[in-house]
$ cat model_9.cif   # mmCIF, C-alpha atoms
data_final
#
loop_
_atom_site.label_atom_id
_atom_site.label_comp_id
_atom_site.auth_asym_id
_atom_site.auth_seq_id
_atom_site.Cartn_x
_atom_site.Cartn_y
_atom_site.Cartn_z
CA SER Y 1 2.65 -28.63 26.69
CA VAL Y 2 2.61 -26.79 23.38
CA CYS Y 3 4.34 -27.92 20.22
CA VAL Y 4 5.72 -24.82 18.47
CA CYS Y 5 6.79 -24.79 14.84
CA ALA Y 6 7.57 -21.77 12.66
CA SER Y 7 9.32 -20.80 9.46
CA ILE Y 8 13.00 -20.40 10.38
CA PRO Y 9 15.60 -18.90 8.04
CA LYS Y 10 17.81 -21.44 6.35
CA GLN Y 11 21.32 -21.98 7.74
CA TRP Y 12 20.31 -20.37 11.03
CA ASP Y 13 19.83 -22.08 14.36
CA PRO Y 14 17.65 -19.99 16.65
CA ALA Y 15 18.55 -19.35 20.26
CA PRO Y 16 16.71 -21.35 22.94
CA MET Y 17 13.22 -20.08 23.72
CA ASP Y 18 12.90 -18.01 26.87
CA VAL Y 19 9.84 -18.09 29.08
CA ASP Y 20 8.34 -14.65 29.62
CA PRO Y 21 8.87 -13.85 33.36
CA ARG Y 22 5.59 -11.96 33.44
CA LEU Y 23 3.62 -15.13 32.73
CA THR Y 24 2.94 -18.21 34.77
CA PRO Y 25 4.06 -21.60 33.47
CA ASP Y 26 0.44 -22.73 33.31
CA GLU Y 27 -0.27 -20.24 30.54
CA SER Y 28 2.26 -21.97 28.30
CA LEU Y 29 3.16 -18.69 26.62
CA PHE Y 30 6.63 -18.62 25.14
CA ARG Y 31 8.78 -16.01 23.49
CA LEU Y 32 10.07 -17.48 20.26
CA THR Y 33 12.88 -15.08 19.49
CA THR Y 34 15.25 -12.97 21.54
CA GLU Y 35 17.01 -9.75 20.63
CA GLU Y 36 20.06 -11.72 19.57
CA THR Y 37 18.13 -13.96 17.18
CA PHE Y 38 16.30 -10.93 15.84
CA LEU Y 39 19.62 -9.37 14.81
CA LYS Y 40 20.69 -12.65 13.28
CA ALA Y 41 17.49 -12.77 11.26
CA ILE Y 42 18.02 -9.23 9.96
CA TYR Y 43 21.63 -10.09 9.04
CA LYS Y 44 20.58 -13.22 7.17
CA MET Y 45 17.74 -11.37 5.48
CA ARG Y 46 20.10 -8.71 4.14
CA ASN Y 47 22.37 -11.44 2.84
CA ASN Y 48 19.51 -13.16 1.01
CA TYR Y 49 19.49 -16.25 3.22
CA TYR Y 50 15.93 -15.63 4.25
CA THR Y 51 13.06 -15.01 1.85
CA LEU Y 52 9.33 -14.85 2.37
CA GLN Y 53 9.01 -17.69 -0.12
CA ASP Y 54 10.35 -19.94 2.64
CA GLN Y 55 7.04 -19.51 4.43
CA GLU Y 56 3.91 -21.38 3.53
CA TRP Y 57 2.12 -18.86 1.33
CA HIS Y 58 -1.41 -18.97 0.00
CA GLY Y 59 -2.03 -15.49 -1.40
CA ILE Y 60 -1.50 -14.36 -4.98
CA ASN Y 61 1.65 -12.33 -4.49
CA THR Y 62 5.11 -12.22 -6.02
CA PHE Y 63 8.13 -11.86 -3.73
CA CYS Y 64 11.34 -10.38 -5.12
CA CYS Y 65 14.73 -9.31 -3.78
CA GLY Y 66 14.64 -11.61 -0.79
CA GLY Y 67 11.22 -10.43 0.31
CA TRP Y 68 11.98 -6.71 0.24
CA VAL Y 69 9.68 -6.30 -2.78
CA ILE Y 70 6.13 -7.66 -2.62
CA LEU Y 71 4.05 -7.33 -5.79
CA GLY Y 72 0.31 -7.86 -5.90
CA SER Y 73 -1.82 -9.93 -8.22
CA ASN Y 74 -1.50 -7.50 -11.17
CA PRO Y 75 2.24 -6.93 -11.74
CA PHE Y 76 1.65 -6.52 -15.49
CA TRP Y 77 -0.64 -3.51 -14.99
CA PHE Y 78 1.77 -2.08 -12.44
CA LEU Y 79 4.42 -2.16 -15.20
CA ILE Y 80 1.98 -0.55 -17.63
CA THR Y 81 1.32 2.28 -15.16
CA ASN Y 82 5.05 2.93 -14.87
CA ILE Y 83 5.35 3.07 -18.66
CA LEU Y 84 2.34 5.39 -18.99
CA THR Y 85 3.88 7.83 -16.52
CA LEU Y 86 7.50 7.56 -17.63
CA GLY Y 87 6.98 7.66 -21.42
CA PRO Y 88 5.20 11.04 -21.78
CA PHE Y 89 7.44 12.60 -19.13
CA VAL Y 90 10.65 11.59 -20.92
CA LEU Y 91 9.18 12.77 -24.22
CA PHE Y 92 8.35 16.13 -22.63
CA VAL Y 93 11.84 16.61 -21.20
CA VAL Y 94 13.59 15.63 -24.43
CA THR Y 95 11.50 17.94 -26.62
CA THR Y 96 11.31 21.00 -24.36
CA PHE Y 97 14.42 21.25 -22.18
CA HIS Y 98 16.25 23.35 -24.80
CA GLU Y 99 13.31 25.76 -25.19
CA VAL Y 100 12.36 26.51 -21.60
CA SER Y 101 14.12 27.62 -18.46
CA ILE Y 102 16.14 25.07 -16.53
CA PHE Y 103 13.88 25.77 -13.56
CA ILE Y 104 10.80 24.65 -15.50
CA THR Y 105 12.51 21.38 -16.41
CA ALA Y 106 13.77 20.93 -12.85
CA GLY Y 107 10.26 21.51 -11.50
CA ALA Y 108 8.85 18.80 -13.76
CA ILE Y 109 11.60 16.38 -12.73
CA ALA Y 110 10.96 17.09 -9.04
CA ILE Y 111 7.20 16.47 -9.29
CA TYR Y 112 7.72 13.32 -11.36
CA SER Y 113 10.26 11.99 -8.86
CA VAL Y 114 7.77 12.40 -6.01
CA ALA Y 115 5.06 10.68 -8.05
CA GLN Y 116 7.36 7.79 -8.95
CA VAL Y 117 8.41 7.30 -5.33
CA GLY Y 118 4.76 7.10 -4.33
CA LEU Y 119 3.95 4.64 -7.13
CA LEU Y 120 6.89 2.34 -6.43
CA ARG Y 121 6.32 2.34 -2.68
CA ALA Y 122 2.59 1.73 -3.03
CA GLY Y 123 3.00 -1.08 -5.55
CA MET Y 124 6.08 -2.86 -4.17
CA MET Y 125 5.46 -3.10 -0.42
CA ASP Y 126 3.31 -5.13 1.90
CA PRO Y 127 -0.06 -3.32 1.97
CA GLY Y 128 -0.91 -4.79 5.38
CA ILE Y 129 -1.36 -8.49 4.68
CA ILE Y 130 -2.55 -10.50 7.66
CA PRO Y 131 -1.05 -14.04 7.61
CA ARG Y 132 -3.44 -16.93 7.44
CA ASN Y 133 -4.06 -19.32 10.27
CA THR Y 134 -2.62 -22.57 8.87
CA THR Y 135 -2.65 -24.42 12.17
CA GLY Y 136 -5.77 -26.42 11.44
CA ARG Y 137 -7.21 -25.09 14.68
CA VAL Y 138 -10.09 -22.68 15.19
CA PRO Y 139 -9.04 -19.54 17.10
CA VAL Y 140 -11.17 -18.30 19.95
CA VAL Y 141 -12.87 -14.91 19.80
CA PRO Y 142 -10.37 -12.16 20.80
CA LEU Y 143 -10.91 -10.45 24.12
CA ASP Y 144 -11.45 -7.06 22.43
CA ASP Y 145 -14.25 -8.44 20.28
CA TYR Y 146 -16.73 -5.62 20.95
CA ASP Y 147 -14.38 -2.65 21.34
CA VAL Y 148 -14.38 0.60 19.35
CA ASP Y 149 -17.61 0.52 17.36
CA GLY Y 150 -19.67 -2.02 19.30
CA THR Y 151 -19.81 -4.58 16.49
CA PRO Y 152 -18.22 -8.03 16.72
CA LEU Y 153 -15.18 -9.03 14.71
CA THR Y 154 -15.84 -10.97 11.54
CA PHE Y 155 -14.34 -14.38 10.92
CA CYS Y 156 -12.66 -14.98 7.56
CA GLU Y 157 -13.53 -18.46 6.33
CA THR Y 158 -10.62 -18.41 3.88
CA CYS Y 159 -7.84 -17.22 6.21
CA LYS Y 160 -9.37 -18.84 9.35
CA ILE Y 161 -8.77 -15.72 11.44
CA PHE Y 162 -10.81 -13.07 13.18
CA ARG Y 163 -10.21 -10.03 11.01
CA PRO Y 164 -9.22 -6.74 12.67
CA ARG Y 165 -11.77 -4.02 12.25
CA ARG Y 166 -11.68 -2.32 8.85
CA ALA Y 167 -9.80 -5.30 7.40
CA LYS Y 168 -11.19 -7.21 4.43
CA HIS Y 169 -10.31 -10.25 2.38
CA CYS Y 170 -9.27 -9.18 -1.13
CA ARG Y 171 -10.61 -11.59 -3.71
CA TYR Y 172 -7.94 -10.56 -6.22
CA CYS Y 173 -4.86 -11.03 -4.01
CA ASP Y 174 -6.54 -13.70 -1.85
CA ASN Y 175 -5.34 -12.12 1.41
CA CYS Y 176 -6.90 -10.36 4.37
CA VAL Y 177 -5.55 -6.80 4.37
CA GLU Y 178 -5.46 -4.50 7.39
CA ARG Y 179 -7.52 -1.29 6.94
CA PHE Y 180 -8.43 -2.42 3.44
CA ASP Y 181 -9.27 0.51 1.16
CA HIS Y 182 -9.54 -1.06 -2.28
CA HIS Y 183 -7.70 -3.19 -4.80
CA CYS Y 184 -6.09 -0.90 -7.37
CA PRO Y 185 -5.35 -2.67 -10.68
CA TRP Y 186 -3.15 0.22 -11.88
CA VAL Y 187 -0.89 -0.10 -8.85
CA GLY Y 188 -1.26 -3.87 -9.15
CA THR Y 189 -1.98 -4.57 -5.50
CA CYS Y 190 -4.25 -3.85 -2.56
CA ILE Y 191 -4.27 -0.44 -0.92
CA GLY Y 192 -4.28 -0.91 2.82
CA ALA Y 193 -2.91 0.31 6.13
CA ARG Y 194 0.76 0.26 5.11
CA ASN Y 195 0.74 1.72 1.57
CA TYR Y 196 -2.29 4.04 1.58
CA LYS Y 197 -0.25 7.19 2.25
CA TYR Y 198 2.07 6.34 -0.66
CA PHE Y 199 -0.94 5.77 -2.90
CA ILE Y 200 -2.22 9.23 -1.92
CA LEU Y 201 1.24 10.68 -2.57
CA PHE Y 202 1.23 9.20 -6.07
CA LEU Y 203 -2.34 10.28 -6.74
CA PHE Y 204 -1.89 13.93 -5.80
CA SER Y 205 1.58 14.29 -7.31
CA ILE Y 206 0.52 12.76 -10.64
CA THR Y 207 -2.41 15.20 -10.65
CA ALA Y 208 0.01 18.07 -10.07
CA LEU Y 209 2.34 16.74 -12.77
CA SER Y 210 -0.54 16.56 -15.26
CA VAL Y 211 -1.46 20.20 -14.59
CA TYR Y 212 2.20 21.24 -14.81
CA LEU Y 213 2.89 19.51 -18.13
CA LEU Y 214 -0.42 20.64 -19.57
CA ALA Y 215 0.30 24.27 -18.68
CA VAL Y 216 3.83 24.23 -20.13
CA ASN Y 217 2.75 22.57 -23.38
CA VAL Y 218 -0.21 24.90 -23.84
CA TRP Y 219 2.12 27.84 -23.27
CA LEU Y 220 4.56 26.57 -25.94
CA ILE Y 221 1.72 26.02 -28.43
CA THR Y 222 0.36 29.50 -27.69
CA GLN Y 223 3.78 31.07 -28.27
CA THR Y 224 4.03 29.35 -31.64
CA TYR Y 225 0.52 30.51 -32.52
CA ARG Y 226 1.36 34.12 -31.70
CA ASN Y 227 4.64 34.07 -33.60
CA SER Y 228 3.09 32.62 -36.75
CA ASN Y 229 3.01 34.82 -39.86
CA ALA Y 230 -0.13 33.18 -41.26
CA PRO Y 231 -2.81 35.69 -42.29
CA THR Y 232 -5.78 34.09 -40.49
CA SER Y 233 -6.37 32.65 -37.06
CA MET Y 234 -7.20 29.22 -38.45
CA LEU Y 235 -3.97 29.10 -40.45
CA ARG Y 236 -1.98 30.24 -37.42
CA PHE Y 237 -3.60 27.47 -35.37
CA GLU Y 238 -2.83 24.90 -38.07
CA ASP Y 239 0.74 26.15 -38.18
CA ALA Y 240 1.05 25.82 -34.38
CA VAL Y 241 -0.38 22.29 -34.41
CA ARG Y 242 1.93 21.27 -37.27
CA ASN Y 243 5.06 22.67 -35.62
CA ARG Y 244 4.09 21.52 -32.13
CA ALA Y 245 2.59 18.11 -32.90
CA VAL Y 246 4.45 16.37 -30.07
CA HIS Y 247 3.52 19.06 -27.54
CA MET Y 248 -0.09 18.93 -28.71
CA ALA Y 249 -0.16 15.17 -28.18
CA ILE Y 250 1.35 15.53 -24.70
CA ALA Y 251 -1.16 18.26 -23.85
CA VAL Y 252 -4.12 16.10 -24.91
CA TYR Y 253 -2.72 13.09 -23.03
CA THR Y 254 -2.06 15.01 -19.81
CA PHE Y 255 -5.52 16.60 -19.99
CA LEU Y 256 -7.14 13.14 -20.17
CA VAL Y 257 -4.95 11.92 -17.30
CA PHE Y 258 -5.94 14.98 -15.27
CA LEU Y 259 -9.64 14.28 -15.79
CA ALA Y 260 -9.15 10.72 -14.54
CA VAL Y 261 -6.89 11.26 -11.54
CA ALA Y 262 -8.23 14.62 -10.35
CA ASN Y 263 -11.67 13.15 -9.67
CA LEU Y 264 -10.08 10.27 -7.81
CA ALA Y 265 -7.89 12.67 -5.81
CA VAL Y 266 -10.90 14.73 -4.74
CA TYR Y 267 -12.76 11.55 -3.81
CA HIS Y 268 -9.93 10.32 -1.58
CA LEU Y 269 -9.56 13.77 -0.08
CA GLN Y 270 -13.15 13.47 1.07
CA LEU Y 271 -12.43 10.01 2.50
CA ILE Y 272 -9.42 11.33 4.43
CA ILE Y 273 -11.40 14.24 5.86
CA THR Y 274 -14.04 11.84 7.21
CA ASN Y 275 -11.58 8.99 7.98
CA GLN Y 276 -13.32 6.42 5.83
CA THR Y 277 -12.02 3.76 3.49
CA THR Y 278 -13.28 3.23 -0.03
CA ASN Y 279 -14.68 -0.11 1.07
CA GLU Y 280 -16.62 1.51 3.92
CA GLN Y 281 -17.90 4.34 1.75
CA MET Y 282 -19.09 1.96 -0.99
CA LYS Y 283 -20.86 -0.22 1.57
CA GLU Y 284 -22.24 2.84 3.40
CA THR Y 285 -20.93 1.41 6.66
CA TRP Y 286 -21.31 4.69 8.55
CA ALA Y 287 -24.38 6.01 6.72
CA SER Y 288 -26.77 5.32 9.61
CA ARG Y 289 -24.44 5.62 12.60
CA ARG Y 290 -21.51 7.68 13.79
CA ASN Y 291 -18.08 6.82 12.47
CA PRO Y 292 -15.97 6.14 15.61
CA TYR Y 293 -12.75 6.66 13.65
CA ASP Y 294 -13.64 10.23 12.63
CA LYS Y 295 -11.66 12.46 15.02
CA GLY Y 296 -12.00 15.71 13.11
CA CYS Y 297 -10.40 16.93 9.89
CA ALA Y 298 -6.94 17.79 11.27
CA ASN Y 299 -6.64 14.65 13.40
CA ASN Y 300 -7.81 12.49 10.51
CA PHE Y 301 -5.13 13.92 8.24
CA CYS Y 302 -2.46 13.35 10.87
CA SER Y 303 -3.55 9.82 11.73
CA ILE Y 304 -3.72 8.71 8.10
CA LEU Y 305 -0.90 10.60 6.39
CA CYS Y 306 1.53 11.71 9.11
CA THR Y 307 1.98 8.59 11.22
CA LYS Y 308 4.62 5.91 10.98
CA VAL Y 309 3.93 3.01 8.63
CA PRO Y 310 2.60 0.09 10.73
CA GLU Y 311 4.92 -2.86 11.21
CA SER Y 312 4.42 -5.63 8.69
CA HIS Y 313 2.89 -8.82 10.04
CA LEU Y 314 5.02 -10.74 7.53
CA CYS Y 315 8.33 -9.49 8.96
CA ASN Y 316 7.53 -9.72 12.67
CA ARG Y 317 10.32 -11.69 14.35
CA THR Y 318 8.91 -11.56 17.89
CA VAL Y 319 6.05 -14.01 18.16
CA TYR Y 320 4.03 -15.28 21.10
CA PHE Y 321 2.24 -18.61 21.25
CA ASN Y 322 -0.67 -19.18 23.54
CA GLU Y 323 -2.34 -22.54 23.84
CA ASP Y 324 -5.57 -20.80 24.83
CA ASP Y 325 -5.74 -19.01 21.48
CA PHE Y 326 -6.99 -22.22 19.87
CA GLU Y 327 -9.97 -24.43 20.51
CA SER Y 328 -8.89 -27.74 18.97
CA ASP Y 329 -6.15 -30.14 19.99
CA VAL Y 330 -3.95 -29.87 16.92
CA SER Y 331 -0.54 -28.34 17.63
CA PRO Y 332 0.01 -24.89 16.12
CA SER Y 333 2.48 -24.26 13.31
CA VAL Y 334 2.26 -20.46 13.10
CA PRO Y 335 1.74 -17.69 15.66
CA ASN Y 336 -1.78 -16.62 16.50
CA ASN Y 337 -1.76 -14.20 19.39
CA SER Y 338 -4.99 -12.22 19.24
CA GLN Y 339 -3.93 -9.28 21.32
CA ARG Y 340 -0.65 -8.85 19.40
CA MET Y 341 -2.40 -9.16 16.05
CA TYR Y 342 -5.02 -6.51 16.79
CA GLN Y 343 -3.12 -4.12 19.08
CA ASN Y 344 -2.21 -1.66 16.29
CA VAL Y 345 -5.69 -1.46 14.78
CA ALA Y 346 -7.22 2.00 15.03
#
$ encode --input "model_9.cif" --output "structure tokens"
Amino acid sequence: SVCVCASIPKQWDPAPMDVDPRLTPDESLFRLTTEETFLKAIYKMRNNYYTLQDQEWHGINTFCCGGWVILGSNPFWFLITNILTLGPFVLFVVTTFHEVSIFITAGAIAIYSVAQVGLLRAGMMDPGIIPRNTTGRVPVVPLDDYDVDGTPLTFCETCKIFRPRRAKHCRYCDNCVERFDHHCPWVGTCIGARNYKYFILFLFSITALSVYLLAVNVWLITQTYRNSNAPTSMLRFEDAVRNRAVHMAIAVYTFLVFLAVANLAVYHLQLIITNQTTNEQMKETWASRRNPYDKGCANNFCSILCTKVPESHLCNRTVYFNEDDFESDVSPSVPNNSQRMYQNVA
């Protein structure tokens, strides 16, 4: 027999466990939750009865709003990034909206809104955290150990799990993250399978916003320069700088931001075209052999940017327990089904 324990929402009694009819009793494989209990869990979660803090947690993350918001290990720098994007934008709108067309202001607001959505989604969601194995038991090697690229799965000594391919343990957040790309201090969290597309959205939209604001401010400064009555070019330039000090500061700031983010955007564009992660590119994982995940430029774009966000392992309510997934005799306390854990890995 198998002793099954799991984190259950407070004030909620789960329905009796049902045996999967497809499995024999000897396999001791049980379905923990039914459709009815799943709906109950969602109801309780929306009413703040259930939070991810109720689970045994080992990573360096901050959970807010009943688990709907998950911040990484650098929430302070995530706040700084929001201030650095919001401050100059607000200053631009306040100082220019009465001088330019409403369409120019609306265009800036639209681009900024897209960038802010990307930043908030990338920095406040589960990047693809893989829960630790806290059972005290050593899991057996998954059946698909040598699939895809012909190399065996790696075992994480910290999380006590066999990591899915392309996953990595982040030393800053202290979690294994699915399709780990990198840890971004400006976003404050890891960039992985679930938030990479939002990180790319933020990166490219903030690049576009920098170009947009730079162009508008340079145009305003140029207009002031041309309309100046000073006798020499240098005096006209000084007059334009003096009368457009705020716009000059915004132009210089946006130019510096453009230099920083444009290079990063081009770099990630190259990674998307070849279907690599930053971690793989830095380690030169595919330098001497073919990348099995590279399906061509168009397919790579679609698979990375146009697919549905993978389901979070932290919010999975349907869990299977298999006694054969462990090698020791200690009873499990959390799910550890190898096939279910790795089935969505590319």
$ resolve_selection --input "model_9.cif" --expression "the PyMOL selection byres ((chain Y and resi 185-192) around 10)" --output "PyMOL selection string"
chain Y and resi 60-61+70-82+119-129+166-168+170+172-173+175-184+193-200+202+277-278
$ axis_aligned_box --input "model_9.cif" --around "segment 73-81 of chain Y" --padding-each-side "5 Å" --output "JSON"
{"center_x": 1.3, "center_y": -3.8, "center_z": -12.9, "size_x": 16.2, "size_y": 22.2, "size_z": 19.4}
$ resolve_selection --input "model_9.cif" --expression "the PyMOL selection byres ((chain Y and resi 208) around 10)" --output "compact mmCIF listing (two decimals) with C-alpha atoms, in the frame of the given file"
# COMPACT_ATOMS: atom_id res chain seq x y z
CA ALA Y 108 8.85 18.80 -13.76
CA ILE Y 111 7.20 16.47 -9.29
CA TYR Y 112 7.72 13.32 -11.36
CA ALA Y 115 5.06 10.68 -8.05
CA PHE Y 202 1.23 9.20 -6.07
CA LEU Y 203 -2.34 10.28 -6.74
CA PHE Y 204 -1.89 13.93 -5.80
CA SER Y 205 1.58 14.29 -7.31
CA ILE Y 206 0.52 12.76 -10.64
CA THR Y 207 -2.41 15.20 -10.65
CA LEU Y 209 2.34 16.74 -12.77
CA SER Y 210 -0.54 16.56 -15.26
CA VAL Y 211 -1.46 20.20 -14.59
CA TYR Y 212 2.20 21.24 -14.81
CA LEU Y 213 2.89 19.51 -18.13
CA LEU Y 214 -0.42 20.64 -19.57
CA PHE Y 258 -5.94 14.98 -15.27
CA VAL Y 261 -6.89 11.26 -11.54
CA ALA Y 262 -8.23 14.62 -10.35
$ atom_distance --input "model_9.cif" --atom1 "atom CA of Tyr267 of chain Y" --atom2 "atom CA of Met282 of chain Y"
11.8 Å
$ resolve_selection --input "model_9.cif" --expression "the PyMOL selection byres ((chain Y and resi 237) around 10)" --output "PyMOL selection string"
chain Y and resi 221-222+224-226+228+230+232-236+238-243
$ atom_distance --input "model_9.cif" --atom1 "atom CA of Gly118 of chain Y" --atom2 "atom CA of Leu201 of chain Y"
5.3 Å
$ atom_distance --input "model_9.cif" --atom1 "atom CA of Ala245 of chain Y" --atom2 "atom CA of Gln116 of chain Y"
26.5 Å
$ closest_residue --input "model_9.cif" --among "Y:Pro152, Y:Thr135, Y:Gly59, Y:Trp219" --to "His169 of chain Y" --atoms "only C-alpha atoms"
Y:Gly59
$ build_atoms --input "model_9.cif" --residues "segment 262-278 of chain Y" --atoms "N, CA, C and O atoms" --output "PDB file, in the coordinates of the input"
ATOM      1  N   ALA Y 262      -7.768  13.518 -11.189  1.00  0.00           N
ATOM      2  CA  ALA Y 262      -8.230  14.620 -10.350  1.00  0.00           C
ATOM      3  C   ALA Y 262      -9.516  14.250  -9.626  1.00  0.00           C
ATOM      4  O   ALA Y 262      -9.677  14.548  -8.424  1.00  0.00           O
ATOM      5  N   ASN Y 263     -10.438  13.594 -10.315  1.00  0.00           N
ATOM      6  CA  ASN Y 263     -11.670  13.150  -9.670  1.00  0.00           C
ATOM      7  C   ASN Y 263     -11.379  12.161  -8.555  1.00  0.00           C
ATOM      8  O   ASN Y 263     -11.987  12.212  -7.470  1.00  0.00           O
ATOM      9  N   LEU Y 264     -10.445  11.256  -8.825  1.00  0.00           N
ATOM     10  CA  LEU Y 264     -10.080  10.270  -7.810  1.00  0.00           C
ATOM     11  C   LEU Y 264      -9.391  10.935  -6.625  1.00  0.00           C
ATOM     12  O   LEU Y 264      -9.605  10.549  -5.468  1.00  0.00           O
ATOM     13  N   ALA Y 265      -8.576  11.953  -6.892  1.00  0.00           N
ATOM     14  CA  ALA Y 265      -7.890  12.670  -5.810  1.00  0.00           C
ATOM     15  C   ALA Y 265      -8.890  13.390  -4.915  1.00  0.00           C
ATOM     16  O   ALA Y 265      -8.772  13.365  -3.678  1.00  0.00           O
ATOM     17  N   VAL Y 266      -9.874  14.042  -5.522  1.00  0.00           N
ATOM     18  CA  VAL Y 266     -10.900  14.730  -4.740  1.00  0.00           C
ATOM     19  C   VAL Y 266     -11.713  13.734  -3.921  1.00  0.00           C
ATOM     20  O   VAL Y 266     -12.056  13.989  -2.756  1.00  0.00           O
ATOM     21  N   TYR Y 267     -12.009  12.588  -4.506  1.00  0.00           N
ATOM     22  CA  TYR Y 267     -12.760  11.550  -3.810  1.00  0.00           C
ATOM     23  C   TYR Y 267     -12.009  11.066  -2.572  1.00  0.00           C
ATOM     24  O   TYR Y 267     -12.582  10.943  -1.478  1.00  0.00           O
ATOM     25  N   HIS Y 268     -10.716  10.801  -2.723  1.00  0.00           N
ATOM     26  CA  HIS Y 268      -9.930  10.320  -1.580  1.00  0.00           C
ATOM     27  C   HIS Y 268      -9.685  11.437  -0.567  1.00  0.00           C
ATOM     28  O   HIS Y 268      -9.526  11.155   0.627  1.00  0.00           O
ATOM     29  N   LEU Y 269      -9.655  12.658  -1.020  1.00  0.00           N
ATOM     30  CA  LEU Y 269      -9.560  13.770  -0.080  1.00  0.00           C
ATOM     31  C   LEU Y 269     -10.775  13.799   0.836  1.00  0.00           C
ATOM     32  O   LEU Y 269     -10.655  14.019   2.050  1.00  0.00           O
ATOM     33  N   GLN Y 270     -11.929  13.556   0.267  1.00  0.00           N
ATOM     34  CA  GLN Y 270     -13.150  13.470   1.070  1.00  0.00           C
ATOM     35  C   GLN Y 270     -13.085  12.314   2.067  1.00  0.00           C
ATOM     36  O   GLN Y 270     -13.496  12.447   3.224  1.00  0.00           O
ATOM     37  N   LEU Y 271     -12.553  11.166   1.618  1.00  0.00           N
ATOM     38  CA  LEU Y 271     -12.430  10.010   2.500  1.00  0.00           C
ATOM     39  C   LEU Y 271     -11.484  10.300   3.662  1.00  0.00           C
ATOM     40  O   LEU Y 271     -11.734   9.891   4.803  1.00  0.00           O
ATOM     41  N   ILE Y 272     -10.384  11.002   3.379  1.00  0.00           N
ATOM     42  CA  ILE Y 272      -9.420  11.330   4.430  1.00  0.00           C
ATOM     43  C   ILE Y 272     -10.035  12.283   5.445  1.00  0.00           C
ATOM     44  O   ILE Y 272      -9.852  12.129   6.659  1.00  0.00           O
ATOM     45  N   ILE Y 273     -10.776  13.263   4.962  1.00  0.00           N
ATOM     46  CA  ILE Y 273     -11.400  14.240   5.860  1.00  0.00           C
ATOM     47  C   ILE Y 273     -12.361  13.555   6.836  1.00  0.00           C
ATOM     48  O   ILE Y 273     -12.438  13.920   8.015  1.00  0.00           O
ATOM     49  N   THR Y 274     -13.071  12.542   6.368  1.00  0.00           N
ATOM     50  CA  THR Y 274     -14.040  11.840   7.210  1.00  0.00           C
ATOM     51  C   THR Y 274     -13.487  10.533   7.793  1.00  0.00           C
ATOM     52  O   THR Y 274     -14.218   9.823   8.485  1.00  0.00           O
ATOM     53  N   ASN Y 275     -12.228  10.213   7.494  1.00  0.00           N
ATOM     54  CA  ASN Y 275     -11.580   8.990   7.980  1.00  0.00           C
ATOM     55  C   ASN Y 275     -12.400   7.747   7.630  1.00  0.00           C
ATOM     56  O   ASN Y 275     -12.774   6.941   8.482  1.00  0.00           O
ATOM     57  N   GLN Y 276     -12.661   7.612   6.343  1.00  0.00           N
ATOM     58  CA  GLN Y 276     -13.320   6.420   5.830  1.00  0.00           C
ATOM     59  C   GLN Y 276     -12.408   5.735   4.817  1.00  0.00           C
ATOM     60  O   GLN Y 276     -11.497   6.350   4.270  1.00  0.00           O
ATOM     61  N   THR Y 277     -12.678   4.474   4.575  1.00  0.00           N
ATOM     62  CA  THR Y 277     -12.020   3.760   3.490  1.00  0.00           C
ATOM     63  C   THR Y 277     -12.972   3.682   2.308  1.00  0.00           C
ATOM     64  O   THR Y 277     -14.186   3.879   2.460  1.00  0.00           O
ATOM     65  N   THR Y 278     -12.429   3.405   1.137  1.00  0.00           N
ATOM     66  CA  THR Y 278     -13.280   3.230  -0.030  1.00  0.00           C
ATOM     67  C   THR Y 278     -14.272   2.110   0.181  1.00  0.00           C
ATOM     68  O   THR Y 278     -15.450   2.213  -0.198  1.00  0.00           O
TER      69      THR Y 278
END
